[in-house]
file start-v7.pdb (PDB, C-alpha atoms, pLDDT in the B column)
ATOM      1  CA  MET A1062     -49.120 117.541 -77.723  1.00 63.00           C
ATOM      2  CA  GLY A1063     -49.093 117.166 -81.504  1.00 88.00           C
ATOM      3  CA  TYR A1064     -46.523 116.043 -84.023  1.00 94.00           C
ATOM      4  CA  ALA A1065     -43.832 118.401 -85.223  1.00 97.00           C
ATOM      5  CA  ILE A1066     -42.797 116.027 -88.034  1.00 97.00           C
ATOM      6  CA  LYS A1067     -44.730 113.306 -89.820  1.00 97.00           C
ATOM      7  CA  THR A1068     -43.541 111.410 -92.872  1.00 97.00           C
ATOM      8  CA  GLU A1069     -45.375 108.766 -94.885  1.00 97.00           C
ATOM      9  CA  ASN A1070     -43.394 106.594 -97.303  1.00 96.00           C
ATOM     10  CA  LEU A1071     -40.995 109.470 -98.021  1.00 97.00           C
ATOM     11  CA  ILE A1072     -38.686 108.693-100.945  1.00 97.00           C
ATOM     12  CA  LYS A1073     -35.720 110.371-102.595  1.00 97.00           C
ATOM     13  CA  ARG A1074     -34.283 108.854-105.751  1.00 95.00           C
ATOM     14  CA  TYR A1075     -31.319 109.985-107.780  1.00 92.00           C
ATOM     15  CA  LYS A1076     -30.433 108.591-111.203  1.00 88.00           C
ATOM     16  CA  ASP A1077     -28.552 105.546-109.969  1.00 86.00           C
ATOM     17  CA  LYS A1078     -29.519 105.409-106.296  1.00 91.00           C
ATOM     18  CA  THR A1079     -32.435 105.513-103.877  1.00 94.00           C
ATOM     19  CA  ALA A1080     -31.112 107.648-101.015  1.00 95.00           C
ATOM     20  CA  VAL A1081     -34.260 107.479 -98.859  1.00 95.00           C
ATOM     21  CA  ASP A1082     -36.615 104.559 -99.347  1.00 94.00           C
ATOM     22  CA  GLY A1083     -40.088 104.751 -97.809  1.00 95.00           C
ATOM     23  CA  LEU A1084     -39.344 106.703 -94.624  1.00 95.00           C
ATOM     24  CA  ASN A1085     -42.135 106.597 -92.041  1.00 95.00           C
ATOM     25  CA  LEU A1086     -41.435 108.700 -88.978  1.00 94.00           C
ATOM     26  CA  SER A1087     -43.404 110.701 -86.410  1.00 95.00           C
ATOM     27  CA  VAL A1088     -41.717 113.177 -84.063  1.00 96.00           C
ATOM     28  CA  LYS A1089     -43.627 114.833 -81.217  1.00 95.00           C
ATOM     29  CA  GLU A1090     -43.378 118.533 -80.463  1.00 95.00           C
ATOM     30  CA  GLY A1091     -40.527 119.182 -78.040  1.00 93.00           C
ATOM     31  CA  GLU A1092     -38.815 115.864 -78.730  1.00 96.00           C
ATOM     32  CA  LEU A1093     -35.144 115.452 -79.657  1.00 96.00           C
ATOM     33  CA  ILE A1094     -34.475 112.534 -81.971  1.00 97.00           C
ATOM     34  CA  ALA A1095     -31.093 111.332 -83.194  1.00 96.00           C
ATOM     35  CA  LEU A1096     -30.639 109.853 -86.668  1.00 95.00           C
ATOM     36  CA  LEU A1097     -27.866 107.264 -86.626  1.00 94.00           C
ATOM     37  CA  GLY A1098     -26.358 105.392 -89.540  1.00 89.00           C
ATOM     38  CA  VAL A1099     -23.194 104.744 -91.493  1.00 85.00           C
ATOM     39  CA  ASN A1100     -22.171 107.094 -94.296  1.00 84.00           C
ATOM     40  CA  GLY A1101     -24.741 106.927 -97.094  1.00 85.00           C
ATOM     41  CA  ALA A1102     -27.549 105.747 -94.798  1.00 89.00           C
ATOM     42  CA  GLY A1103     -29.802 108.632 -95.883  1.00 92.00           C
ATOM     43  CA  LYS A1104     -29.584 110.895 -92.844  1.00 92.00           C
ATOM     44  CA  THR A1105     -28.495 114.093 -94.581  1.00 91.00           C
ATOM     45  CA  THR A1106     -30.858 113.513 -97.521  1.00 94.00           C
ATOM     46  CA  THR A1107     -33.716 113.162 -95.042  1.00 95.00           C
ATOM     47  CA  VAL A1108     -32.790 116.485 -93.453  1.00 94.00           C
ATOM     48  CA  LYS A1109     -32.546 118.165 -96.859  1.00 94.00           C
ATOM     49  CA  MET A1110     -36.052 117.017 -97.790  1.00 97.00           C
ATOM     50  CA  LEU A1111     -37.597 118.027 -94.467  1.00 97.00           C
ATOM     51  CA  THR A1112     -36.037 121.491 -94.708  1.00 95.00           C
ATOM     52  CA  CYS A1113     -37.142 121.877 -98.350  1.00 95.00           C
ATOM     53  CA  LEU A1114     -33.599 122.025 -99.705  1.00 93.00           C
ATOM     54  CA  THR A1115     -34.389 119.146-102.042  1.00 95.00           C
ATOM     55  CA  LYS A1116     -37.704 117.820-103.323  1.00 96.00           C
ATOM     56  CA  PRO A1117     -38.862 114.301-102.468  1.00 97.00           C
ATOM     57  CA  SER A1118     -39.396 111.807-105.277  1.00 96.00           C
ATOM     58  CA  GLY A1119     -42.435 110.344-103.579  1.00 97.00           C
ATOM     59  CA  GLY A1120     -44.399 110.065-100.378  1.00 97.00           C
ATOM     60  CA  LYS A1121     -45.454 112.828 -98.029  1.00 97.00           C
ATOM     61  CA  ALA A1122     -44.058 114.833 -95.121  1.00 98.00           C
ATOM     62  CA  GLU A1123     -45.417 117.573 -92.872  1.00 98.00           C
ATOM     63  CA  ILE A1124     -43.686 120.021 -90.548  1.00 98.00           C
ATOM     64  CA  MET A1125     -46.074 121.343 -87.888  1.00 97.00           C
ATOM     65  CA  GLY A1126     -48.941 120.228 -90.136  1.00 96.00           C
ATOM     66  CA  ILE A1127     -47.624 121.971 -93.275  1.00 97.00           C
ATOM     67  CA  ASP A1128     -46.917 119.817 -96.331  1.00 97.00           C
ATOM     68  CA  ILE A1129     -43.302 120.205 -97.472  1.00 97.00           C
ATOM     69  CA  SER A1130     -44.256 119.788-101.135  1.00 96.00           C
ATOM     70  CA  LYS A1131     -47.338 122.019-101.163  1.00 97.00           C
ATOM     71  CA  ASP A1132     -46.004 124.913 -99.080  1.00 97.00           C
ATOM     72  CA  PRO A1133     -42.180 124.853 -98.889  1.00 96.00           C
ATOM     73  CA  ASP A1134     -42.025 128.570 -98.055  1.00 95.00           C
ATOM     74  CA  GLY A1135     -44.340 127.997 -95.103  1.00 95.00           C
ATOM     75  CA  VAL A1136     -42.117 125.152 -93.902  1.00 96.00           C
ATOM     76  CA  LYS A1137     -38.952 127.255 -94.235  1.00 93.00           C
ATOM     77  CA  ARG A1138     -40.448 129.847 -91.894  1.00 92.00           C
ATOM     78  CA  LEU A1139     -40.811 127.153 -89.226  1.00 95.00           C
ATOM     79  CA  VAL A1140     -37.429 125.439 -89.406  1.00 96.00           C
ATOM     80  CA  GLY A1141     -33.810 126.233 -88.654  1.00 93.00           C
ATOM     81  CA  VAL A1142     -30.878 124.210 -89.956  1.00 92.00           C
ATOM     82  CA  SER A1143     -27.205 123.992 -89.061  1.00 90.00           C
ATOM     83  CA  PRO A1144     -25.696 122.008 -91.935  1.00 86.00           C
ATOM     84  CA  GLN A1145     -22.858 119.499 -91.816  1.00 78.00           C
ATOM     85  CA  ASP A1146     -20.531 122.010 -93.480  1.00 73.00           C
ATOM     86  CA  THR A1147     -20.500 124.907 -91.021  1.00 69.00           C
ATOM     87  CA  SER A1148     -22.489 127.672 -92.683  1.00 78.00           C
ATOM     88  CA  VAL A1149     -21.058 131.038 -91.659  1.00 90.00           C
ATOM     89  CA  ALA A1150     -19.887 134.058 -93.643  1.00 92.00           C
ATOM     90  CA  GLU A1151     -16.159 133.914 -92.995  1.00 93.00           C
ATOM     91  CA  ASN A1152     -15.444 137.621 -93.567  1.00 95.00           C
ATOM     92  CA  LEU A1153     -18.289 138.886 -91.379  1.00 96.00           C
ATOM     93  CA  THR A1154     -17.923 139.208 -87.637  1.00 97.00           C
ATOM     94  CA  VAL A1155     -19.838 136.968 -85.260  1.00 97.00           C
ATOM     95  CA  LYS A1156     -22.327 139.755 -84.573  1.00 96.00           C
ATOM     96  CA  GLU A1157     -22.712 140.588 -88.280  1.00 96.00           C
ATOM     97  CA  ASN A1158     -23.470 136.935 -89.092  1.00 96.00           C
ATOM     98  CA  LEU A1159     -26.190 136.893 -86.453  1.00 96.00           C
ATOM     99  CA  GLU A1160     -27.569 140.275 -87.521  1.00 94.00           C
ATOM    100  CA  PHE A1161     -27.764 139.127 -91.121  1.00 92.00           C
ATOM    101  CA  MET A1162     -29.924 136.126 -90.196  1.00 91.00           C
ATOM    102  CA  ALA A1163     -32.010 138.065 -87.676  1.00 92.00           C
ATOM    103  CA  ASP A1164     -32.827 140.765 -90.242  1.00 90.00           C
ATOM    104  CA  ILE A1165     -34.220 138.086 -92.564  1.00 86.00           C
ATOM    105  CA  TYR A1166     -36.534 136.491 -90.016  1.00 85.00           C
ATOM    106  CA  LEU A1167     -37.376 139.123 -87.408  1.00 85.00           C
ATOM    107  CA  PRO A1168     -38.567 142.759 -87.302  1.00 74.00           C
ATOM    108  CA  GLY A1169     -36.076 145.458 -86.221  1.00 67.00           C
ATOM    109  CA  GLY A1170     -36.355 145.714 -82.441  1.00 76.00           C
ATOM    110  CA  LYS A1171     -36.911 142.010 -82.028  1.00 88.00           C
ATOM    111  CA  ALA A1172     -33.888 141.254 -84.226  1.00 90.00           C
ATOM    112  CA  ASP A1173     -31.587 143.264 -81.955  1.00 90.00           C
ATOM    113  CA  GLU A1174     -32.883 141.446 -78.884  1.00 91.00           C
ATOM    114  CA  ALA A1175     -32.485 138.049 -80.553  1.00 91.00           C
ATOM    115  CA  VAL A1176     -28.865 138.766 -81.495  1.00 94.00           C
ATOM    116  CA  ALA A1177     -28.056 139.803 -77.927  1.00 93.00           C
ATOM    117  CA  ARG A1178     -29.710 136.643 -76.533  1.00 91.00           C
ATOM    118  CA  ALA A1179     -27.845 134.383 -78.959  1.00 92.00           C
ATOM    119  CA  ILE A1180     -24.490 135.953 -78.117  1.00 94.00           C
ATOM    120  CA  GLU A1181     -25.125 135.434 -74.415  1.00 91.00           C
ATOM    121  CA  ALA A1182     -26.582 131.919 -74.714  1.00 87.00           C
ATOM    122  CA  PHE A1183     -23.661 130.587 -76.755  1.00 89.00           C
ATOM    123  CA  GLY A1184     -20.912 132.420 -74.880  1.00 89.00           C
ATOM    124  CA  LEU A1185     -19.921 134.508 -77.906  1.00 93.00           C
ATOM    125  CA  ALA A1186     -19.578 137.934 -76.252  1.00 94.00           C
ATOM    126  CA  GLU A1187     -15.786 137.765 -76.219  1.00 95.00           C
ATOM    127  CA  PHE A1188     -15.756 137.164 -79.984  1.00 96.00           C
ATOM    128  CA  GLU A1189     -18.722 139.204 -81.237  1.00 95.00           C
ATOM    129  CA  ASN A1190     -16.532 141.669 -83.160  1.00 97.00           C
ATOM    130  CA  LYS A1191     -14.147 139.012 -84.446  1.00 97.00           C
ATOM    131  CA  LYS A1192     -14.368 137.728 -88.028  1.00 97.00           C
ATOM    132  CA  ALA A1193     -15.819 134.228 -88.240  1.00 95.00           C
ATOM    133  CA  LYS A1194     -12.795 132.906 -90.135  1.00 94.00           C
ATOM    134  CA  LEU A1195     -10.657 133.546 -87.037  1.00 96.00           C
ATOM    135  CA  LEU A1196     -12.809 131.392 -84.740  1.00 93.00           C
ATOM    136  CA  SER A1197     -11.898 127.882 -83.610  1.00 90.00           C
ATOM    137  CA  GLY A1198     -13.885 124.967 -85.004  1.00 87.00           C
ATOM    138  CA  GLY A1199     -15.943 124.727 -81.825  1.00 87.00           C
ATOM    139  CA  TYR A1200     -16.931 128.376 -81.849  1.00 90.00           C
ATOM    140  CA  LYS A1201     -17.761 128.243 -85.569  1.00 91.00           C
ATOM    141  CA  ARG A1202     -20.182 125.407 -84.808  1.00 88.00           C
ATOM    142  CA  LYS A1203     -21.682 127.431 -81.948  1.00 90.00           C
ATOM    143  CA  LEU A1204     -22.137 130.380 -84.295  1.00 93.00           C
ATOM    144  CA  SER A1205     -23.706 128.167 -86.960  1.00 91.00           C
ATOM    145  CA  ILE A1206     -26.260 126.833 -84.464  1.00 91.00           C
ATOM    146  CA  ALA A1207     -26.913 130.309 -83.079  1.00 92.00           C
ATOM    147  CA  MET A1208     -27.638 131.474 -86.643  1.00 93.00           C
ATOM    148  CA  ALA A1209     -30.001 128.524 -87.131  1.00 91.00           C
ATOM    149  CA  ILE A1210     -32.106 129.425 -84.083  1.00 91.00           C
ATOM    150  CA  ILE A1211     -32.068 133.209 -84.444  1.00 92.00           C
ATOM    151  CA  GLY A1212     -35.422 133.140 -86.238  1.00 88.00           C
ATOM    152  CA  GLU A1213     -37.019 131.215 -83.344  1.00 89.00           C
ATOM    153  CA  PRO A1214     -37.794 128.044 -85.336  1.00 93.00           C
ATOM    154  CA  LYS A1215     -40.292 125.458 -84.210  1.00 95.00           C
ATOM    155  CA  VAL A1216     -38.087 122.637 -85.534  1.00 97.00           C
ATOM    156  CA  LEU A1217     -34.277 122.683 -85.527  1.00 96.00           C
ATOM    157  CA  PHE A1218     -32.158 120.370 -87.683  1.00 96.00           C
ATOM    158  CA  LEU A1219     -28.554 119.794 -86.607  1.00 93.00           C
ATOM    159  CA  ASP A1220     -26.564 117.804 -89.175  1.00 90.00           C
ATOM    160  CA  GLU A1221     -23.410 116.390 -87.548  1.00 88.00           C
ATOM    161  CA  PRO A1222     -23.090 119.447 -85.258  1.00 88.00           C
ATOM    162  CA  THR A1223     -19.937 118.276 -83.459  1.00 87.00           C
ATOM    163  CA  LEU A1224     -18.130 116.624 -86.371  1.00 82.00           C
ATOM    164  CA  GLY A1225     -14.381 117.158 -86.075  1.00 80.00           C
ATOM    165  CA  LEU A1226     -14.488 118.828 -82.665  1.00 82.00           C
ATOM    166  CA  ASP A1227     -12.287 117.778 -79.775  1.00 85.00           C
ATOM    167  CA  VAL A1228     -13.863 116.101 -76.754  1.00 88.00           C
ATOM    168  CA  LEU A1229     -14.076 119.267 -74.642  1.00 87.00           C
ATOM    169  CA  ALA A1230     -15.597 121.386 -77.430  1.00 84.00           C
ATOM    170  CA  ARG A1231     -18.078 118.599 -78.170  1.00 86.00           C
ATOM    171  CA  ARG A1232     -19.204 118.397 -74.536  1.00 89.00           C
ATOM    172  CA  GLN A1233     -19.593 122.174 -74.358  1.00 86.00           C
ATOM    173  CA  LEU A1234     -21.782 122.124 -77.440  1.00 87.00           C
ATOM    174  CA  TRP A1235     -23.897 119.328 -75.960  1.00 90.00           C
ATOM    175  CA  HIS A1236     -24.691 121.696 -73.084  1.00 88.00           C
ATOM    176  CA  GLU A1237     -25.983 124.332 -75.536  1.00 87.00           C
ATOM    177  CA  ILE A1238     -28.058 121.775 -77.462  1.00 90.00           C
ATOM    178  CA  GLU A1239     -29.526 120.395 -74.227  1.00 90.00           C
ATOM    179  CA  ALA A1240     -30.619 123.909 -73.259  1.00 87.00           C
ATOM    180  CA  LEU A1241     -32.529 124.288 -76.547  1.00 88.00           C
ATOM    181  CA  LYS A1242     -34.719 121.226 -75.992  1.00 85.00           C
ATOM    182  CA  LYS A1243     -37.283 123.068 -73.888  1.00 81.00           C
ATOM    183  CA  ASP A1244     -38.052 125.530 -76.696  1.00 86.00           C
ATOM    184  CA  MET A1245     -38.138 123.492 -79.912  1.00 94.00           C
ATOM    185  CA  THR A1246     -38.189 120.090 -81.562  1.00 96.00           C
ATOM    186  CA  ILE A1247     -34.711 118.961 -82.594  1.00 97.00           C
ATOM    187  CA  VAL A1248     -33.515 116.458 -85.199  1.00 97.00           C
ATOM    188  CA  LEU A1249     -29.860 115.559 -84.719  1.00 95.00           C
ATOM    189  CA  THR A1250     -27.777 113.501 -87.136  1.00 93.00           C
ATOM    190  CA  THR A1251     -24.568 112.120 -85.694  1.00 90.00           C
ATOM    191  CA  HIS A1252     -21.956 109.375 -85.910  1.00 86.00           C
ATOM    192  CA  TYR A1253     -21.146 109.690 -82.218  1.00 89.00           C
ATOM    193  CA  MET A1254     -22.981 107.053 -80.174  1.00 91.00           C
ATOM    194  CA  GLU A1255     -22.291 108.834 -76.881  1.00 91.00           C
ATOM    195  CA  GLU A1256     -23.772 112.019 -78.337  1.00 92.00           C
ATOM    196  CA  ALA A1257     -27.039 110.334 -79.288  1.00 93.00           C
ATOM    197  CA  GLN A1258     -27.142 108.512 -75.968  1.00 92.00           C
ATOM    198  CA  ALA A1259     -26.582 111.728 -74.008  1.00 91.00           C
ATOM    199  CA  LEU A1260     -29.029 113.982 -75.871  1.00 94.00           C
ATOM    200  CA  ALA A1261     -31.771 112.017 -77.625  1.00 96.00           C
ATOM    201  CA  ASP A1262     -35.226 111.174 -76.342  1.00 96.00           C
ATOM    202  CA  ARG A1263     -35.502 108.593 -79.117  1.00 97.00           C
ATOM    203  CA  ILE A1264     -33.021 107.120 -81.575  1.00 97.00           C
ATOM    204  CA  VAL A1265     -33.644 106.293 -85.244  1.00 96.00           C
ATOM    205  CA  ILE A1266     -31.229 103.817 -86.853  1.00 94.00           C
ATOM    206  CA  MET A1267     -31.077 104.077 -90.657  1.00 93.00           C
ATOM    207  CA  ASN A1268     -29.403 102.001 -93.338  1.00 89.00           C
ATOM    208  CA  GLU A1269     -29.555 102.303 -97.121  1.00 89.00           C
ATOM    209  CA  GLY A1270     -32.321 104.882 -96.882  1.00 90.00           C
ATOM    210  CA  CYS A1271     -34.561 102.800 -94.627  1.00 91.00           C
ATOM    211  CA  VAL A1272     -35.440 103.028 -90.941  1.00 92.00           C
ATOM    212  CA  MET A1273     -34.281  99.793 -89.305  1.00 93.00           C
ATOM    213  CA  ALA A1274     -35.238 100.598 -85.708  1.00 94.00           C
ATOM    214  CA  VAL A1275     -36.774 103.422 -83.654  1.00 95.00           C
ATOM    215  CA  GLY A1276     -37.062 103.789 -79.913  1.00 96.00           C
ATOM    216  CA  THR A1277     -35.609 104.968 -76.643  1.00 96.00           C
ATOM    217  CA  LEU A1278     -32.273 103.473 -75.671  1.00 95.00           C
ATOM    218  CA  ALA A1279     -34.059 101.168 -73.219  1.00 95.00           C
ATOM    219  CA  GLU A1280     -36.456 100.002 -75.937  1.00 96.00           C
ATOM    220  CA  LEU A1281     -33.610  99.331 -78.367  1.00 96.00           C
ATOM    221  CA  GLU A1282     -31.690  97.461 -75.674  1.00 95.00           C
ATOM    222  CA  ASN A1283     -34.745  95.277 -75.015  1.00 95.00           C
ATOM    223  CA  MET A1284     -35.153  94.701 -78.754  1.00 94.00           C
ATOM    224  CA  THR A1285     -31.566  93.527 -79.255  1.00 94.00           C
ATOM    225  CA  GLY A1286     -30.658  92.118 -75.859  1.00 94.00           C
ATOM    226  CA  LYS A1287     -27.602  94.396 -75.821  1.00 94.00           C
ATOM    227  CA  LYS A1288     -26.499  97.092 -73.380  1.00 93.00           C
ATOM    228  CA  GLY A1289     -25.275 100.507 -74.494  1.00 92.00           C
ATOM    229  CA  LEU A1290     -26.018 102.227 -77.765  1.00 93.00           C
ATOM    230  CA  GLU A1291     -22.822 101.151 -79.523  1.00 93.00           C
ATOM    231  CA  ASP A1292     -23.553  97.463 -79.000  1.00 93.00           C
ATOM    232  CA  VAL A1293     -27.198  98.020 -79.932  1.00 94.00           C
ATOM    233  CA  PHE A1294     -26.166  99.750 -83.159  1.00 92.00           C
ATOM    234  CA  VAL A1295     -23.663  97.033 -84.080  1.00 90.00           C
ATOM    235  CA  SER A1296     -26.246  94.343 -83.411  1.00 92.00           C
ATOM    236  CA  ILE A1297     -28.801  95.985 -85.691  1.00 90.00           C
ATOM    237  CA  ALA A1298     -26.164  96.808 -88.328  1.00 81.00           C
ATOM    238  CA  GLU A1299     -25.020  93.184 -88.440  1.00 78.00           C
ATOM    239  CA  ARG A1300     -28.577  92.063 -89.078  1.00 74.00           C
ATOM    240  CA  MET A1301     -28.696  94.442 -92.051  1.00 61.00           C
ATOM    241  CA  GLU A1302     -25.792  92.696 -93.780  1.00 56.00           C
TER     242      GLU A1302
END
call {"tool": "encode", "arguments": {"input": "start-v7.pdb", "output": "structure tokens"}}
result
Amino acid sequence: MGYAIKTENLIKRYKDKTAVDGLNLSVKEGELIALLGVNGAGKTTTVKMLTCLTKPSGGKAEIMGIDISKDPDGVKRLVGVSPQDTSVAENLTVKENLEFMADIYLPGGKADEAVARAIEAFGLAEFENKKAKLLSGGYKRKLSIAMAIIGEPKVLFLDEPTLGLDVLARRQLWHEIEALKKDMTIVLTTHYMEEAQALADRIVIMNEGCVMAVGTLAELENMTGKKGLEDVFVSIAERME
């Protein structure tokens, strides 16, 4: 099994701030990693660089062996992204949103099949002819993720996928994300400790653009002497101050 993501000293600077500062990370194919950190830790900027939405200021990164700086179009064909701000066309129906994305990535017959699979997998059949703006927050997030995977990506980026959802909607979405793990590598950014603990194979704790710790929950617990991800995170965060 190879690496789906590899970064070497990846950097993103803005005029008055270094958002990501020397990120070194390797993610195996089929792995789900969670990026944890307070606001401004660099999680979303990392996702934007790895999905070629913004150019790095330095360092190197590869997605499935393809350099993000040398071949961004090649990388974009391999990744799917569900951004923090739910990305759906409000005035299109659920089915039309999915068809729009499928037509971009897949040939005709295959596109129709992919739309049907996505509607079934995410429990959207009841709403397929309903405009996206009429959906609840939970179903909008489901649609956003369904749109992100319609092109059968090798690597899926989920940026705060359950932000603002109630507990029941969040748990339902966890079930859908868990089901995706067998088919693709997933990078999940989240503020919810229980979400990372429930879904992630490994956890990456970031602060001020740097990786402070990486490992399974058990490894992080051994490192800090704490039990449970929340106490582990607080322990590492306090050392950062």
call {"tool": "residues_around", "arguments": {"input": "start-v7.pdb", "residues": "Leu1278 (chain A)", "least_positions_apart": "5", "cutoff": "12 Å", "atoms": "only C-alpha atoms", "output": "list in words"}}
result
Ile1094, Ala1095, Met1254, Glu1255, Ala1257, Gln1258, Ala1259, Leu1260, Ala1261, Asp1262, Arg1263, Ile1264, Val1265, Ile1266, Asn1283, Met1284, Thr1285, Gly1286, Lys1287, Lys1288, Gly1289, Leu1290, Glu1291, Asp1292, Val1293 and Phe1294 of chain A
call {"tool": "resolve_selection", "arguments": {"input": "start-v7.pdb", "expression": "the PyMOL selection byres ((chain A and resi 1298) around 10)", "output": "PDB file with C-alpha atoms, keeping the file's coordinate frame"}}
result
ATOM      1  CA  GLY A1098     -26.358 105.392 -89.540  1.00 89.00           C
ATOM      2  CA  VAL A1099     -23.194 104.744 -91.493  1.00 85.00           C
ATOM      3  CA  ILE A1266     -31.229 103.817 -86.853  1.00 94.00           C
ATOM      4  CA  MET A1267     -31.077 104.077 -90.657  1.00 93.00           C
ATOM      5  CA  ASN A1268     -29.403 102.001 -93.338  1.00 89.00           C
ATOM      6  CA  MET A1273     -34.281  99.793 -89.305  1.00 93.00           C
ATOM      7  CA  ASP A1292     -23.553  97.463 -79.000  1.00 93.00           C
ATOM      8  CA  VAL A1293     -27.198  98.020 -79.932  1.00 94.00           C
ATOM      9  CA  PHE A1294     -26.166  99.750 -83.159  1.00 92.00           C
ATOM     10  CA  VAL A1295     -23.663  97.033 -84.080  1.00 90.00           C
ATOM     11  CA  SER A1296     -26.246  94.343 -83.411  1.00 92.00           C
ATOM     12  CA  ILE A1297     -28.801  95.985 -85.691  1.00 90.00           C
ATOM     13  CA  GLU A1299     -25.020  93.184 -88.440  1.00 78.00           C
ATOM     14  CA  ARG A1300     -28.577  92.063 -89.078  1.00 74.00           C
ATOM     15  CA  MET A1301     -28.696  94.442 -92.051  1.00 61.00           C
ATOM     16  CA  GLU A1302     -25.792  92.696 -93.780  1.00 56.00           C
TER      17      GLU A1302
END
call {"tool": "residues_around", "arguments": {"input": "start-v7.pdb", "residues": "Ala1080 (chain A)", "least_positions_apart": "5", "cutoff": "9 Å", "atoms": "only C-alpha atoms", "output": "VMD selection string"}}
result
chain A and resid 1072 to 1075 1101 to 1104 1106 to 1107 1269 to 1271
call {"tool": "resolve_selection", "arguments": {"input": "start-v7.pdb", "expression": "the PyMOL selection byres ((chain A and resi 1139-1143) around 10)", "output": "PyMOL selection string"}}
result
chain A and resi 1108-1109+1111-1113+1124-1125+1127+1134-1138+1144-1149+1202-1222+1245-1249
call {"tool": "atom_distance", "arguments": {"input": "start-v7.pdb", "atom1": "CA of Thr1223 (chain A)", "atom2": "CA of Glu1239 (chain A)"}}
result
13.5 Å
call {"tool": "atom_distance", "arguments": {"input": "start-v7.pdb", "atom1": "CA of Ala1172 (chain A)", "atom2": "CA of Ser1197 (chain A)"}}
result
25.7 Å
call {"tool": "residues_around", "arguments": {"input": "start-v7.pdb", "residues": "Leu1195 (chain A)", "least_positions_apart": "2", "cutoff": "12 Å", "atoms": "all atoms listed in the file", "output": "number ranges by chain"}}
result
A: 1149-1155, 1188-1193, 1197-1201
call {"tool": "atom_distance", "arguments": {"input": "start-v7.pdb", "atom1": "CA of Thr1068 (chain A)", "atom2": "CA of Leu1096 (chain A)"}}
result
14.4 Å
call {"tool": "closest_residue", "arguments": {"input": "start-v7.pdb", "among": "A:Glu1256, A:Ala1274, A:Thr1250, A:Phe1161", "to": "Arg1232 (chain A)", "atoms": "all atoms listed in the file"}}
result
A:Glu1256
call {"tool": "resolve_selection", "arguments": {"input": "start-v7.pdb", "expression": "the PyMOL selection byres ((chain A and resi 1091) around 7)", "output": "list in words"}}
result
Lys1089, Glu1090, Glu1092, Leu1093, Lys1242, Lys1243, Asp1244, Met1245 and Thr1246 of chain A
call {"tool": "closest_residue", "arguments": {"input": "start-v7.pdb", "among": "A:Leu1281, A:Ala1186, A:Val1275, A:Ile1129", "to": "Val1088 (chain A)", "atoms": "all atoms listed in the file"}}
result
A:Val1275
call {"tool": "build_atoms", "arguments": {"input": "start-v7.pdb", "residues": "region 1204-1217 of chain A", "atoms": "N, CA and C atoms", "output": "compact mmCIF listing (two decimals), in the coordinates of the input"}}
result
# COMPACT_ATOMS: atom_id res chain seq x y z
N LEU A 1204 -21.58 129.29 -83.50
CA LEU A 1204 -22.14 130.38 -84.30
C LEU A 1204 -23.13 129.86 -85.32
N SER A 1205 -22.80 128.75 -85.96
CA SER A 1205 -23.71 128.17 -86.96
C SER A 1205 -25.05 127.79 -86.34
N ILE A 1206 -25.01 127.21 -85.14
CA ILE A 1206 -26.26 126.83 -84.46
C ILE A 1206 -27.01 128.08 -84.00
N ALA A 1207 -26.27 129.06 -83.49
CA ALA A 1207 -26.91 130.31 -83.08
C ALA A 1207 -27.63 130.97 -84.25
N MET A 1208 -27.00 130.92 -85.44
CA MET A 1208 -27.64 131.47 -86.64
C MET A 1208 -28.89 130.69 -87.01
N ALA A 1209 -28.86 129.37 -86.78
CA ALA A 1209 -30.00 128.52 -87.13
C ALA A 1209 -31.21 128.78 -86.24
N ILE A 1210 -30.97 129.23 -85.00
CA ILE A 1210 -32.11 129.43 -84.08
C ILE A 1210 -32.51 130.89 -83.95
N ILE A 1211 -31.82 131.78 -84.62
CA ILE A 1211 -32.07 133.21 -84.44
C ILE A 1211 -33.49 133.59 -84.83
N GLY A 1212 -34.06 132.86 -85.80
CA GLY A 1212 -35.42 133.14 -86.24
C GLY A 1212 -36.49 132.45 -85.42
N GLU A 1213 -36.09 131.87 -84.27
CA GLU A 1213 -37.02 131.22 -83.34
C GLU A 1213 -37.81 130.10 -84.04
N PRO A 1214 -37.11 129.13 -84.62
CA PRO A 1214 -37.79 128.04 -85.34
C PRO A 1214 -38.56 127.12 -84.40
N LYS A 1215 -39.56 126.48 -84.96
CA LYS A 1215 -40.29 125.46 -84.21
C LYS A 1215 -39.55 124.12 -84.24
N VAL A 1216 -38.82 123.89 -85.36
CA VAL A 1216 -38.09 122.64 -85.53
C VAL A 1216 -36.66 122.98 -85.96
N LEU A 1217 -35.69 122.42 -85.25
CA LEU A 1217 -34.28 122.68 -85.53
C LEU A 1217 -33.61 121.41 -86.01
